[in-house]
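Single-structure report; data block below.
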Amino acid sequence: MELFQFFKILHIIGGFIALFVFWIPIVTKKGGKAHRVTGWVYTGGMIVVAISAFYMGAYRIFFDQHANAELVSFSWFLIFIAILSSAAAYYGIRVLRYKNRKDRHRNVLDLFYPLLLLSSGIGMCIYGGVNDVPLLTWFPLVGIFLGISQLSYWLQKPKKKMHWWFEHFSGMLACCISTITAFMVFGAPRLLAIESVSILLWFMPTIVITPLIVGLSIYYRKKFKKKAA
């Protein structure tokens, strides 16, 4: 249990770092020093969160003999959030690495992550439906959608200019969705001593941030068209 507590502390620290800085790259000049530095700080925090969440979830499921059904379901969701957040952050970084590509992308790891996100999302939906856990039934649809969109991007030739720009901020904002969702579902109720939260609250970050992704896409497409003209 000492190792579990160690990862729990790391998870809390990484989570608060990510929550504290996630908004800075959104509002600062894109490509500027503040954007890049805080972006890497956020990414580092999320790496810690994902690794610690995966360990704690796996420990509760496979090694904790005192874990009840509710705790096991919570642990599966913790693992899924770890996959979702890490896959989104990894994708947001890797599209920059290959921003000049002209053909389909065949890197095994870059394809593995969205495949893992897609398959785990499907698995979580089935698990949630069988065990009547609404959170695990519906929230993984976000992961399924992201997994399909990421695979579609990698497996097709780039069709639009600055394609990597749009994929970068959509990937990083998707990671923000998982960050805020995890805090609202798990962190905030514990800090405020609330026993349960509405299912609407689980989806609130997705409901709020998805239009932001769409709005930013429209804004930058118009901006780039004006520059080209």
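A note on labels: chains of the structure tokens are A, B, ... as shown, every chain counts residues from 1, and ligands are counted from 1 in their shown order.
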Any chance you could list, as JSON, numbers by chain, the residues in region 64-112 of chain A that come up alpha helix (DSSP H) when DSSP is run on the backbone?
{"A": [69, 70, 71, 72, 73, 74, 75, 76, 77, 78, 79, 80, 81, 82, 83, 84, 85, 86, 87, 88, 89, 90, 91, 92, 93, 94, 95, 96, 97, 108, 109, 110, 111, 112]}
For Val208 (chain A), list every protein, DNA or RNA residue within 12 Å, evaluated using only C-alpha atoms, and leave out those in the same chain fewer than 5 positions away; present the list as a list in words.
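Listing them by chain and then by number gives Leu173, Ala174, Cys176, Ile177, Ile180, Thr181, Leu200, Leu201, Trp202, Phe203, Ile213, Val214 and Gly215 of chain A.
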Near region 14-28 of chain A, counting only C-alpha atoms, which residues have an atom at most 7 Å away, once you skip same-chain residues fewer than 4 positions from it, shown as a ChimeraX atom specification?
/A:10,34-35,38-39,42,45-46,48-49,176
Contacts of Arg60 (chain A) within 8 Å, only C-alpha atoms, excl. fewer than 6 positions in-chain, as a compact mmCIF listing (two decimals) with C-alpha atoms, in the first residue's frame:
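That gives us around_15.txt:
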# COMPACT_ATOMS: atom_id res chain seq x y z
CA ALA A 67 -12.34 -3.72 -3.50
CA LEU A 71 -14.61 0.61 -6.49
CA VAL A 72 -13.82 -1.75 -9.37
CA SER A 75 -10.99 1.88 -11.21
Find, counting only C-alpha atoms, the residue in A:Ser86, A:Ser217, A:Thr179, A:Ser152 that gets nearest to Ala50 (chain A).
A:Ser86
